[in-house]
file final16.csv (CSV, C-alpha atoms)
chain,number,residue,atom,x,y,z
A,1,GLY,CA,0.0,0.0,0.0
A,2,SER,CA,1.7,3.1,1.4
A,3,SER,CA,5.2,1.7,0.7
A,4,GLY,CA,4.4,1.2,-2.9
A,5,ILE,CA,3.1,4.8,-3.2
A,6,ARG,CA,6.3,6.1,-1.6
A,7,ARG,CA,8.4,4.0,-4.0
A,8,GLY,CA,6.4,5.5,-6.9
A,9,GLU,CA,7.0,9.0,-5.6
A,10,GLY,CA,10.7,8.4,-5.2
A,11,LEU,CA,10.9,7.1,-8.8
A,12,ALA,CA,9.0,10.1,-10.1
A,13,GLY,CA,11.4,12.4,-8.2
A,14,TRP,CA,14.4,10.8,-9.8
A,15,ILE,CA,12.8,11.1,-13.2
A,16,PHE,CA,12.1,14.8,-12.8
A,17,THR,CA,15.6,15.6,-11.4
A,18,ALA,CA,17.5,13.3,-13.9
A,19,PRO,CA,17.9,16.0,-16.6
A,20,VAL,CA,19.5,18.4,-14.2
A,21,ILE,CA,21.7,15.7,-12.7
A,22,ILE,CA,22.9,14.7,-16.1
A,23,ILE,CA,23.6,18.2,-17.2
A,24,LEU,CA,25.5,19.0,-14.0
A,25,GLY,CA,27.4,15.8,-14.3
A,26,LEU,CA,28.5,16.4,-17.9
A,27,PHE,CA,29.3,20.1,-17.7
A,28,LEU,CA,30.3,20.5,-14.0
A,29,PHE,CA,31.4,17.4,-12.1
A,30,VAL,CA,33.2,15.7,-15.0
A,31,PRO,CA,35.3,18.8,-15.9
A,32,VAL,CA,36.1,19.3,-12.2
A,33,LEU,CA,37.4,15.7,-11.9
A,34,MET,CA,39.4,16.2,-15.1
A,35,ALA,CA,40.9,19.3,-13.7
A,36,LEU,CA,41.8,17.5,-10.5
A,37,TRP,CA,43.6,14.8,-12.5
A,38,VAL,CA,45.4,17.5,-14.5
A,39,SER,CA,46.7,19.1,-11.3
A,40,PHE,CA,48.4,15.8,-10.5
A,41,SER,CA,49.8,15.2,-14.0
A,42,ASP,CA,52.3,16.6,-16.5
A,43,TRP,CA,49.7,17.2,-19.2
A,44,SER,CA,50.9,19.7,-21.8
A,45,GLY,CA,47.5,20.8,-23.1
A,46,ARG,CA,47.7,18.7,-26.2
A,47,GLY,CA,45.6,15.6,-26.7
A,48,SER,CA,43.6,13.9,-24.0
A,49,PRO,CA,44.7,14.3,-20.4
A,50,PHE,CA,43.9,10.6,-20.0
A,51,SER,CA,46.2,9.4,-22.7
A,52,SER,CA,49.2,7.1,-22.0
A,53,ARG,CA,51.6,9.9,-22.7
A,54,VAL,CA,50.4,11.9,-19.7
A,55,GLY,CA,52.3,10.9,-16.5
A,56,PHE,CA,51.3,11.1,-12.8
A,57,VAL,CA,53.6,13.6,-10.9
A,58,GLY,CA,51.8,13.5,-7.5
A,59,LEU,CA,52.0,16.8,-5.6
A,60,GLU,CA,54.8,18.2,-7.8
A,61,ASN,CA,52.6,21.0,-9.2
A,62,TYR,CA,51.3,22.0,-5.8
A,63,ALA,CA,54.9,22.0,-4.4
A,64,ALA,CA,56.1,24.2,-7.3
A,65,VAL,CA,53.4,26.8,-6.4
A,66,THR,CA,53.7,26.7,-2.6
A,67,THR,CA,57.3,25.6,-1.7
A,68,GLY,CA,59.2,25.5,-4.9
A,69,GLY,CA,60.9,28.8,-4.5
A,70,GLY,CA,61.7,31.2,-7.3
A,71,LEU,CA,59.2,33.2,-9.4
A,72,THR,CA,56.4,30.7,-9.3
A,73,GLU,CA,56.1,30.6,-5.6
A,74,ARG,CA,56.6,34.4,-5.3
A,75,ASN,CA,53.8,35.1,-7.9
A,76,PHE,CA,51.4,32.9,-6.0
A,77,GLY,CA,52.3,34.6,-2.7
A,78,ILE,CA,51.8,38.0,-4.3
A,79,ALA,CA,48.4,36.9,-5.8
A,80,LEU,CA,47.3,35.5,-2.5
A,81,ARG,CA,48.3,38.7,-0.6
A,82,ASN,CA,46.4,40.9,-3.1
A,83,ASN,CA,43.3,38.8,-2.9
A,84,ALA,CA,43.4,38.5,0.8
A,85,TRP,CA,43.3,42.3,1.2
A,86,TYR,CA,40.5,42.3,-1.4
A,87,VAL,CA,38.5,39.9,0.7
A,88,VAL,CA,39.2,41.6,4.0
A,89,LEU,CA,38.0,44.9,2.7
A,90,VAL,CA,35.2,44.0,0.3
A,91,VAL,CA,33.2,41.4,2.2
A,92,PRO,CA,32.6,43.5,5.4
A,93,LEU,CA,32.0,46.7,3.4
A,94,GLN,CA,29.6,45.3,1.0
A,95,THR,CA,27.7,43.4,3.7
A,96,ALA,CA,27.4,46.4,5.9
A,97,LEU,CA,26.4,48.7,3.1
A,98,SER,CA,23.8,46.3,1.7
A,99,LEU,CA,22.3,45.8,5.1
A,100,PHE,CA,22.2,49.6,5.6
A,101,LEU,CA,20.5,50.2,2.2
A,102,ALA,CA,18.0,47.4,2.9
A,103,VAL,CA,17.0,48.9,6.2
A,104,LEU,CA,16.8,52.3,4.6
A,105,VAL,CA,14.6,51.3,1.7
A,106,SER,CA,12.4,49.2,4.0
A,107,ARG,CA,11.3,52.1,6.1
A,108,ALA,CA,7.6,52.8,5.7
A,109,VAL,CA,8.2,56.6,6.0
A,110,LEU,CA,10.4,56.6,2.9
A,111,ARG,CA,8.7,57.9,-0.2
A,112,GLY,CA,9.6,56.4,-3.5
A,113,ARG,CA,11.0,53.2,-2.1
A,114,GLY,CA,10.6,51.4,-5.4
A,115,PHE,CA,12.7,54.0,-7.1
A,116,PHE,CA,15.5,53.8,-4.6
A,117,ARG,CA,15.6,50.0,-4.7
A,118,THR,CA,15.9,50.1,-8.4
A,119,ALA,CA,18.6,52.8,-8.3
A,120,PHE,CA,20.7,50.9,-5.7
A,121,TYR,CA,20.3,47.6,-7.7
A,122,PHE,CA,21.1,49.1,-11.1
A,123,PRO,CA,24.9,48.9,-10.9
A,124,SER,CA,24.6,45.1,-10.3
A,125,MET,CA,22.8,44.7,-13.6
A,126,THR,CA,25.5,46.5,-15.6
A,127,SER,CA,28.2,44.4,-17.3
A,128,SER,CA,31.3,44.0,-15.3
A,129,VAL,CA,33.4,44.8,-18.4
A,130,ALA,CA,31.5,48.1,-18.9
A,131,ILE,CA,31.9,49.0,-15.2
A,132,THR,CA,35.6,48.2,-15.3
A,133,ILE,CA,36.2,50.4,-18.3
A,134,LEU,CA,34.2,53.2,-16.6
A,135,TRP,CA,36.3,52.8,-13.5
A,136,LEU,CA,39.6,53.0,-15.5
A,137,PHE,CA,38.3,56.4,-16.8
A,138,LEU,CA,37.1,57.7,-13.5
A,139,PHE,CA,40.3,56.7,-11.6
A,140,SER,CA,42.8,57.8,-14.3
A,141,ALA,CA,45.5,60.3,-13.3
A,142,THR,CA,43.5,63.1,-14.8
A,143,GLY,CA,40.1,61.5,-14.1
A,144,VAL,CA,37.0,62.7,-12.3
A,145,VAL,CA,38.0,61.2,-8.9
A,146,ASN,CA,41.3,63.1,-8.7
A,147,GLU,CA,39.6,66.2,-9.9
A,148,VAL,CA,37.1,66.0,-7.1
A,149,LEU,CA,39.9,65.3,-4.6
A,150,SER,CA,41.7,68.4,-5.8
A,151,TRP,CA,38.6,70.5,-4.8
A,152,ILE,CA,39.3,69.7,-1.1
A,153,GLY,CA,43.1,70.1,-1.4
A,154,ILE,CA,44.1,66.4,-1.9
A,155,HIS,CA,46.5,65.5,-4.6
A,156,GLY,CA,45.2,62.2,-5.9
A,157,PRO,CA,47.5,59.4,-6.7
A,158,ASN,CA,48.1,57.8,-10.1
A,159,TRP,CA,45.7,55.1,-9.3
A,160,PHE,CA,46.5,52.4,-11.9
A,161,GLN,CA,50.2,53.2,-12.1
A,162,ASP,CA,51.3,53.4,-8.5
A,163,PRO,CA,52.4,50.0,-7.1
A,164,ARG,CA,52.7,51.1,-3.5
A,165,GLY,CA,50.5,49.6,-0.9
A,166,ILE,CA,48.2,52.2,0.7
A,167,ILE,CA,49.5,51.4,4.2
A,168,HIS,CA,53.2,51.8,3.1
A,169,ALA,CA,52.2,55.0,1.2
A,170,ALA,CA,50.4,56.3,4.4
A,171,LEU,CA,53.5,55.6,6.4
A,172,GLY,CA,55.9,57.0,3.8
A,173,LEU,CA,57.9,53.7,3.7
A,174,GLY,CA,58.9,51.4,0.9
A,175,PRO,CA,59.2,47.6,0.6
A,176,LEU,CA,62.4,47.6,2.7
A,177,GLY,CA,61.4,50.2,5.3
A,178,GLY,CA,59.9,48.0,7.9
A,179,PRO,CA,61.4,46.1,10.9
A,180,ASP,CA,64.2,43.7,10.1
A,181,TRP,CA,62.3,40.6,11.3
A,182,MET,CA,59.4,41.5,9.0
A,183,VAL,CA,61.6,42.3,6.0
A,184,GLN,CA,63.9,39.2,6.3
A,185,ASN,CA,61.2,36.5,7.1
A,186,LYS,CA,59.2,35.4,4.2
A,187,PHE,CA,56.0,33.4,3.5
A,188,LEU,CA,55.3,32.1,0.0
A,189,GLY,CA,58.2,34.0,-1.4
A,190,ILE,CA,57.4,37.5,-0.1
A,191,SER,CA,58.3,39.2,3.2
A,192,TRP,CA,55.9,39.8,6.0
A,193,TRP,CA,56.5,43.5,5.5
A,194,GLU,CA,55.1,43.1,2.0
A,195,TRP,CA,52.2,41.1,3.3
A,196,TRP,CA,51.2,44.1,5.5
A,197,ALA,CA,51.7,46.7,2.7
A,198,GLY,CA,48.0,46.8,2.1
A,199,PRO,CA,46.3,46.8,-1.3
A,200,SER,CA,47.8,49.0,-4.0
A,201,PHE,CA,46.0,52.1,-5.2
A,202,ALA,CA,44.8,50.1,-8.2
A,203,MET,CA,43.5,47.3,-6.1
A,204,PHE,CA,41.8,49.8,-3.7
A,205,ALA,CA,40.0,51.3,-6.7
A,206,LEU,CA,38.8,47.8,-7.7
A,207,ILE,CA,37.7,47.2,-4.1
A,208,LEU,CA,35.5,50.3,-4.3
A,209,MET,CA,34.1,49.1,-7.6
A,210,ALA,CA,33.3,45.7,-6.1
A,211,VAL,CA,31.4,47.3,-3.2
A,212,PHE,CA,29.6,49.6,-5.6
A,213,THR,CA,28.4,46.9,-8.0
A,214,THR,CA,27.5,44.1,-5.5
A,215,SER,CA,25.8,45.9,-2.6
A,216,GLY,CA,22.6,46.3,-4.6
A,217,THR,CA,22.2,42.5,-5.1
A,218,PHE,CA,22.8,41.7,-1.5
A,219,MET,CA,20.5,44.5,-0.5
A,220,LEU,CA,17.6,42.6,-2.2
A,221,LEU,CA,18.3,39.6,-0.1
A,222,PHE,CA,18.2,41.6,3.1
A,223,VAL,CA,15.0,43.4,2.0
A,224,ALA,CA,13.3,40.0,1.5
A,225,ALA,CA,14.5,38.9,4.9
A,226,LEU,CA,13.3,42.1,6.6
A,227,GLN,CA,9.9,41.7,5.1
A,228,ASN,CA,9.5,38.3,6.8
A,229,ILE,CA,10.1,39.8,10.2
A,230,GLY,CA,6.8,40.6,11.8
A,231,GLY,CA,6.1,44.1,13.2
A,232,GLU,CA,4.8,42.6,16.5
A,233,LEU,CA,8.3,41.8,17.5
A,234,GLY,CA,9.4,45.4,17.4
A,235,GLU,CA,6.3,46.4,19.3
A,236,ALA,CA,7.1,43.9,22.0
A,237,GLY,CA,10.6,45.3,22.2
A,238,MET,CA,9.2,48.8,22.6
A,239,MET,CA,7.0,47.5,25.5
A,240,ASP,CA,10.2,46.1,27.1
A,241,GLY,CA,11.7,49.6,26.9
A,242,ALA,CA,14.2,49.0,24.1
A,243,ASN,CA,15.2,51.9,21.9
A,244,ALA,CA,15.5,51.8,18.1
A,245,TRP,CA,19.2,50.6,18.2
A,246,GLN,CA,18.4,47.9,20.8
A,247,ARG,CA,15.5,46.6,18.8
A,248,PHE,CA,17.6,46.3,15.7
A,249,TRP,CA,20.6,44.7,17.5
A,250,TYR,CA,18.6,42.3,19.8
A,251,ILE,CA,15.5,41.5,17.7
A,252,THR,CA,16.1,42.3,14.0
A,253,LEU,CA,19.7,41.3,13.6
A,254,PRO,CA,19.5,37.8,15.2
A,255,GLN,CA,16.7,36.9,12.8
A,256,LEU,CA,18.8,38.0,9.9
A,257,ARG,CA,21.5,35.4,10.8
A,258,PRO,CA,20.7,33.0,7.9
A,259,THR,CA,20.7,35.9,5.4
A,260,ILE,CA,23.9,37.3,6.8
A,261,PHE,CA,25.5,33.8,6.4
A,262,THR,CA,24.3,33.6,2.8
A,263,VAL,CA,25.5,37.1,1.9
A,264,LEU,CA,28.9,36.5,3.6
A,265,THR,CA,29.3,33.2,1.8
A,266,LEU,CA,28.4,34.5,-1.6
A,267,GLY,CA,30.6,37.6,-1.1
A,268,LEU,CA,33.5,35.4,0.0
A,269,ILE,CA,33.2,33.1,-3.0
A,270,GLY,CA,32.9,36.0,-5.4
A,271,CYS,CA,35.9,37.9,-3.9
A,272,TRP,CA,38.2,34.9,-4.0
A,273,GLN,CA,37.3,34.2,-7.6
A,274,VAL,CA,37.7,37.8,-8.9
A,275,PHE,CA,38.8,37.6,-12.5
A,276,ASP,CA,36.8,39.7,-14.9
A,277,GLN,CA,37.9,43.0,-13.6
A,278,ILE,CA,41.5,42.0,-13.6
A,279,TYR,CA,41.4,40.5,-17.1
A,280,THR,CA,39.6,43.4,-18.7
A,281,GLY,CA,41.2,46.2,-16.6
A,282,THR,CA,44.7,45.9,-15.1
A,283,GLN,CA,45.8,42.4,-16.1
A,284,GLY,CA,47.7,42.1,-12.9
A,285,GLY,CA,49.5,45.5,-13.1
A,286,PRO,CA,51.0,47.7,-11.9
A,287,ALA,CA,53.9,45.5,-10.8
A,288,LYS,CA,51.6,42.5,-10.1
A,289,THR,CA,49.8,44.4,-7.4
A,290,THR,CA,46.3,43.4,-8.8
A,291,LEU,CA,47.3,39.8,-9.6
A,292,THR,CA,44.8,37.4,-8.1
A,293,PRO,CA,45.0,33.5,-7.8
A,294,ALA,CA,42.2,33.2,-10.4
A,295,TYR,CA,44.0,35.3,-12.9
A,296,LEU,CA,47.3,33.6,-12.1
A,297,SER,CA,45.7,30.2,-12.7
A,298,TYR,CA,44.6,31.5,-16.1
A,299,GLN,CA,48.0,32.8,-16.9
A,300,ALA,CA,49.8,29.6,-15.9
A,301,ALA,CA,47.5,27.4,-17.9
A,302,PHE,CA,46.5,29.4,-21.0
A,303,GLU,CA,49.4,31.7,-21.5
A,304,ASN,CA,52.4,29.7,-20.1
A,305,GLN,CA,51.0,26.3,-21.0
A,306,LYS,CA,51.6,25.0,-17.4
A,307,TRP,CA,48.3,23.3,-17.1
A,308,GLY,CA,49.2,21.3,-14.0
A,309,GLN,CA,50.2,24.4,-12.1
A,310,GLY,CA,47.2,26.3,-13.2
A,311,SER,CA,44.9,23.5,-12.0
A,312,ALA,CA,46.8,23.2,-8.8
A,313,ILE,CA,46.3,27.0,-8.1
A,314,ALA,CA,42.6,26.6,-8.8
A,315,PHE,CA,42.2,23.7,-6.3
A,316,ILE,CA,44.2,25.5,-3.7
A,317,LEU,CA,41.8,28.4,-4.1
A,318,PHE,CA,38.9,26.0,-3.8
A,319,LEU,CA,40.3,24.7,-0.5
A,320,ILE,CA,40.7,28.3,0.8
A,321,ILE,CA,37.1,29.1,0.0
A,322,ILE,CA,35.9,25.9,1.8
A,323,VAL,CA,37.9,26.6,4.9
A,324,PHE,CA,36.7,30.2,5.2
A,325,THR,CA,33.1,29.1,4.6
A,326,ILE,CA,33.3,26.5,7.4
A,327,PHE,CA,34.9,29.1,9.7
A,328,GLN,CA,32.2,31.7,9.2
A,329,ARG,CA,29.5,29.1,9.6
A,330,TRP,CA,31.1,28.3,12.9
A,331,VAL,CA,31.2,31.9,13.9
A,332,LEU,CA,27.6,32.5,13.0
A,333,ARG,CA,26.3,29.4,14.6
A,334,GLU,CA,23.4,29.5,17.0
A,335,ARG,CA,24.6,29.8,20.6
A,336,PRO,CA,22.6,28.9,23.7
A,337,VAL,CA,22.1,31.8,26.2
A,338,SER,CA,24.6,31.4,29.0
A,339,LYS,CA,23.5,31.0,32.6
A,340,ARG,CA,25.4,34.2,33.5
A,341,ARG,CA,23.4,36.2,31.0
A,342,ILE,CA,20.2,34.7,32.2
A,343,ARG,CA,20.9,35.8,35.7
A,344,GLN,CA,21.4,39.4,34.5
A,345,TYR,CA,17.7,39.4,33.6
A,346,GLU,CA,16.4,38.0,36.9
A,347,VAL,CA,14.8,40.5,39.1
A,348,LYS,CA,14.2,39.5,42.7
A,349,GLY,CA,14.1,35.9,41.9
A,350,GLN,CA,11.5,36.3,39.1
A,351,PRO,CA,13.0,35.6,35.7
A,352,THR,CA,12.2,38.0,32.9
A,353,VAL,CA,12.6,37.7,29.2
A,354,PRO,CA,15.6,39.5,27.7
A,355,PRO,CA,15.0,41.7,24.6
A,356,ALA,CA,16.7,39.1,22.3
A,357,ARG,CA,14.1,36.5,23.4
A,358,THR,CA,11.1,38.7,23.0
A,359,ALA,CA,10.2,36.8,19.8
A,360,GLU,CA,9.6,33.7,21.8
A,361,ARG,CA,7.3,35.3,24.2
A,362,THR,CA,5.2,36.9,21.5
A,363,LYS,CA,4.6,33.5,20.0
A,364,GLU,CA,3.1,32.0,23.3
A,365,PRO,CA,-0.7,31.5,23.1
A,366,THR,CA,-2.8,33.8,25.2
A,367,PRO,CA,-5.5,32.2,27.4
call {"tool": "encode", "arguments": {"input": "final16.csv", "output": "structure tokens"}}
result
Amino acid sequence: GSSGIRRGEGLAGWIFTAPVIIILGLFLFVPVLMALWVSFSDWSGRGSPFSSRVGFVGLENYAAVTTGGGLTERNFGIALRNNAWYVVLVVPLQTALSLFLAVLVSRAVLRGRGFFRTAFYFPSMTSSVAITILWLFLFSATGVVNEVLSWIGIHGPNWFQDPRGIIHAALGLGPLGGPDWMVQNKFLGISWWEWWAGPSFAMFALILMAVFTTSGTFMLLFVAALQNIGGELGEAGMMDGANAWQRFWYITLPQLRPTIFTVLTLGLIGCWQVFDQIYTGTQGGPAKTTLTPAYLSYQAAFENQKWGQGSAIAFILFLIIIVFTIFQRWVLRERPVSKRRIRQYEVKGQPTVPPARTAERTKEPTP
């Protein structure tokens, strides 16, 4: 009876999902497995990577990139440093800005909310190539940005020609101007002083572009999440004496946790995989200060014909993304309220509900 019906439903489910599974298998999983094999082989890019002429080299390609010394290791270290600064600055800025815009356009007192939502989202719909070309024009030595800075007495830098890191430039120091232990000790072929140079002016311009073009998309995710939060929770918080900031911090923000995790994860993946802007804009310059692992992987494979090293860089990047995603999932996990915090809300032996738990109280049935 019922077991036969369930078996029929399971078979129907597999039939409906089979086309998607086949397409993903052919155009996603199989190429990924092929690339994984290439990262462990000496494939030259000619013929099939599974032919008998292709040999297994183990971790040789990975070692050449991470511990091999010379220019290969240094290029990977430079690319990783550049991308790390890109992630550190873009992900928090775009998350905070998108949340701010979502709260702004969700206010009932704001007139023309539809217009502002469209205006903030519009940069996300524009081609990344077109935005990059526009950015090159705006941030040129004689561009609009430097012209505006000159109005307030600031002499703008030559954004896409100055290889200095913004931290080194602010301190007035060069690549050898730091403490001896930071200059002499190296990681992935570059000194710790170079790691702390900060993004170059060109990379900082690309960081601003990323925040400008992606915040609108993430704003829509936050807007949808805010619309699912009932107004009765805010009213209950007001009855508890919470001000606007406390209601946002203790009531609204905890309920946005799944959306925040989604925005951070998508932002993290997109930032570590940045390629379009580099390829169409700077191509790694000036002096490799906008070189990223994704673009370095492309250079190694398609320009230098080192397909094994290119694939190895891609899978190292994949592991970095996985590690950061797991870490932020751990950071944003649900935590039980500690006994110490519960005691803070006890008044004369009678427990009260803290503002963060107001949502639970509002859901209790009334007699």
call {"tool": "atom_distance", "arguments": {"input": "final16.csv", "atom1": "atom CA of Ile131 of chain A", "atom2": "atom CA of Gln277 of chain A"}}
result
8.6 Å
call {"tool": "closest_residue", "arguments": {"input": "final16.csv", "among": "A:Gly177, A:Gly165, A:Pro254, A:Gly308", "to": "Ala287 of chain A", "atoms": "all atoms listed in the file"}}
result
A:Gly165
call {"tool": "residues_around", "arguments": {"input": "final16.csv", "residues": "segment 30-45 of chain A", "least_positions_apart": "2", "cutoff": "9 Å", "atoms": "only C-alpha atoms", "output": "MDAnalysis selection string"}}
result
chainID A and resid 24:28 47:50 53:62 301:302 305:315
call {"tool": "write_last_selection", "arguments": {"input": "final16.csv", "atoms": "C-alpha atoms", "output": "mmCIF file, in the frame of the given file"}}
result
data_model
loop_
_atom_site.group_PDB
_atom_site.id
_atom_site.type_symbol
_atom_site.label_atom_id
_atom_site.label_comp_id
_atom_site.auth_asym_id
_atom_site.auth_seq_id
_atom_site.Cartn_x
_atom_site.Cartn_y
_atom_site.Cartn_z
ATOM 1 C CA LEU A 24 25.500 19.000 -14.000
ATOM 2 C CA GLY A 25 27.400 15.800 -14.300
ATOM 3 C CA LEU A 26 28.500 16.400 -17.900
ATOM 4 C CA PHE A 27 29.300 20.100 -17.700
ATOM 5 C CA LEU A 28 30.300 20.500 -14.000
ATOM 6 C CA GLY A 47 45.600 15.600 -26.700
ATOM 7 C CA SER A 48 43.600 13.900 -24.000
ATOM 8 C CA PRO A 49 44.700 14.300 -20.400
ATOM 9 C CA PHE A 50 43.900 10.600 -20.000
ATOM 10 C CA ARG A 53 51.600 9.900 -22.700
ATOM 11 C CA VAL A 54 50.400 11.900 -19.700
ATOM 12 C CA GLY A 55 52.300 10.900 -16.500
ATOM 13 C CA PHE A 56 51.300 11.100 -12.800
ATOM 14 C CA VAL A 57 53.600 13.600 -10.900
ATOM 15 C CA GLY A 58 51.800 13.500 -7.500
ATOM 16 C CA LEU A 59 52.000 16.800 -5.600
ATOM 17 C CA GLU A 60 54.800 18.200 -7.800
ATOM 18 C CA ASN A 61 52.600 21.000 -9.200
ATOM 19 C CA TYR A 62 51.300 22.000 -5.800
ATOM 20 C CA ALA A 301 47.500 27.400 -17.900
ATOM 21 C CA PHE A 302 46.500 29.400 -21.000
ATOM 22 C CA GLN A 305 51.000 26.300 -21.000
ATOM 23 C CA LYS A 306 51.600 25.000 -17.400
ATOM 24 C CA TRP A 307 48.300 23.300 -17.100
ATOM 25 C CA GLY A 308 49.200 21.300 -14.000
ATOM 26 C CA GLN A 309 50.200 24.400 -12.100
ATOM 27 C CA GLY A 310 47.200 26.300 -13.200
ATOM 28 C CA SER A 311 44.900 23.500 -12.000
ATOM 29 C CA ALA A 312 46.800 23.200 -8.800
ATOM 30 C CA ILE A 313 46.300 27.000 -8.100
ATOM 31 C CA ALA A 314 42.600 26.600 -8.800
ATOM 32 C CA PHE A 315 42.200 23.700 -6.300
#
call {"tool": "atom_distance", "arguments": {"input": "final16.csv", "atom1": "atom CA of Gly198 of chain A", "atom2": "atom CA of Asn82 of chain A"}}
result
8.0 Å
call {"tool": "residues_around", "arguments": {"input": "final16.csv", "residues": "Pro199 of chain A", "least_positions_apart": "4", "cutoff": "6 Å", "atoms": "all atoms listed in the file", "output": "PDB file with C-alpha atoms, in the frame of the given file"}}
result
ATOM      1  CA  TRP A  85      43.300  42.300   1.200  1.00  0.00           C
ATOM      2  CA  GLY A 165      50.500  49.600  -0.900  1.00  0.00           C
ATOM      3  CA  MET A 203      43.500  47.300  -6.100  1.00  0.00           C
ATOM      4  CA  PHE A 204      41.800  49.800  -3.700  1.00  0.00           C
TER       5      PHE A 204
END
call {"tool": "closest_residue", "arguments": {"input": "final16.csv", "among": "A:Glu334, A:Trp196, A:Ile190, A:Ile167", "to": "Thr66 of chain A", "atoms": "only C-alpha atoms"}}
result
A:Ile190
call {"tool": "residues_near_point", "arguments": {"input": "final16.csv", "point": "(36.8, 43.8, 3.7)", "cutoff": "12 Å", "atoms": "all atoms listed in the file", "output": "ChimeraX atom specification"}}
result
/A:83-97,198-199,204,207-208,210-211,264,267-268,271-272
call {"tool": "closest_atom_pairs", "arguments": {"input": "final16.csv", "of": "segment 172-243 of chain A", "to": "segment 123-126 of chain A", "cutoff": "7 Å", "atoms": "all atoms listed in the file", "output": "Markdown table"}}
result
| residue | atom | partner | partner_atom | distance |
| --- | --- | --- | --- | --- |
| A:Thr213 | CA | A:Ser124 | CA | 4.8 |
| A:Thr214 | CA | A:Ser124 | CA | 5.7 |
| A:Gly216 | CA | A:Ser124 | CA | 6.2 |
| A:Thr217 | CA | A:Ser124 | CA | 6.3 |
call {"tool": "atom_distance", "arguments": {"input": "final16.csv", "atom1": "atom CA of Ile229 of chain A", "atom2": "atom CA of Phe324 of chain A"}}
result
28.7 Å
call {"tool": "closest_residue", "arguments": {"input": "final16.csv", "among": "A:Gly156, A:Val103, A:His168, A:Leu317", "to": "Val144 of chain A", "atoms": "only C-alpha atoms"}}
result
A:Gly156
call {"tool": "closest_residue", "arguments": {"input": "final16.csv", "among": "A:Leu291, A:Glu235, A:Ala63, A:Thr280", "to": "Leu134 of chain A", "atoms": "all atoms listed in the file"}}
result
A:Thr280
call {"tool": "closest_residue", "arguments": {"input": "final16.csv", "among": "A:Ala294, A:Ala79, A:Ile251, A:Ile320", "to": "Gly231 of chain A", "atoms": "only C-alpha atoms"}}
result
A:Ile251
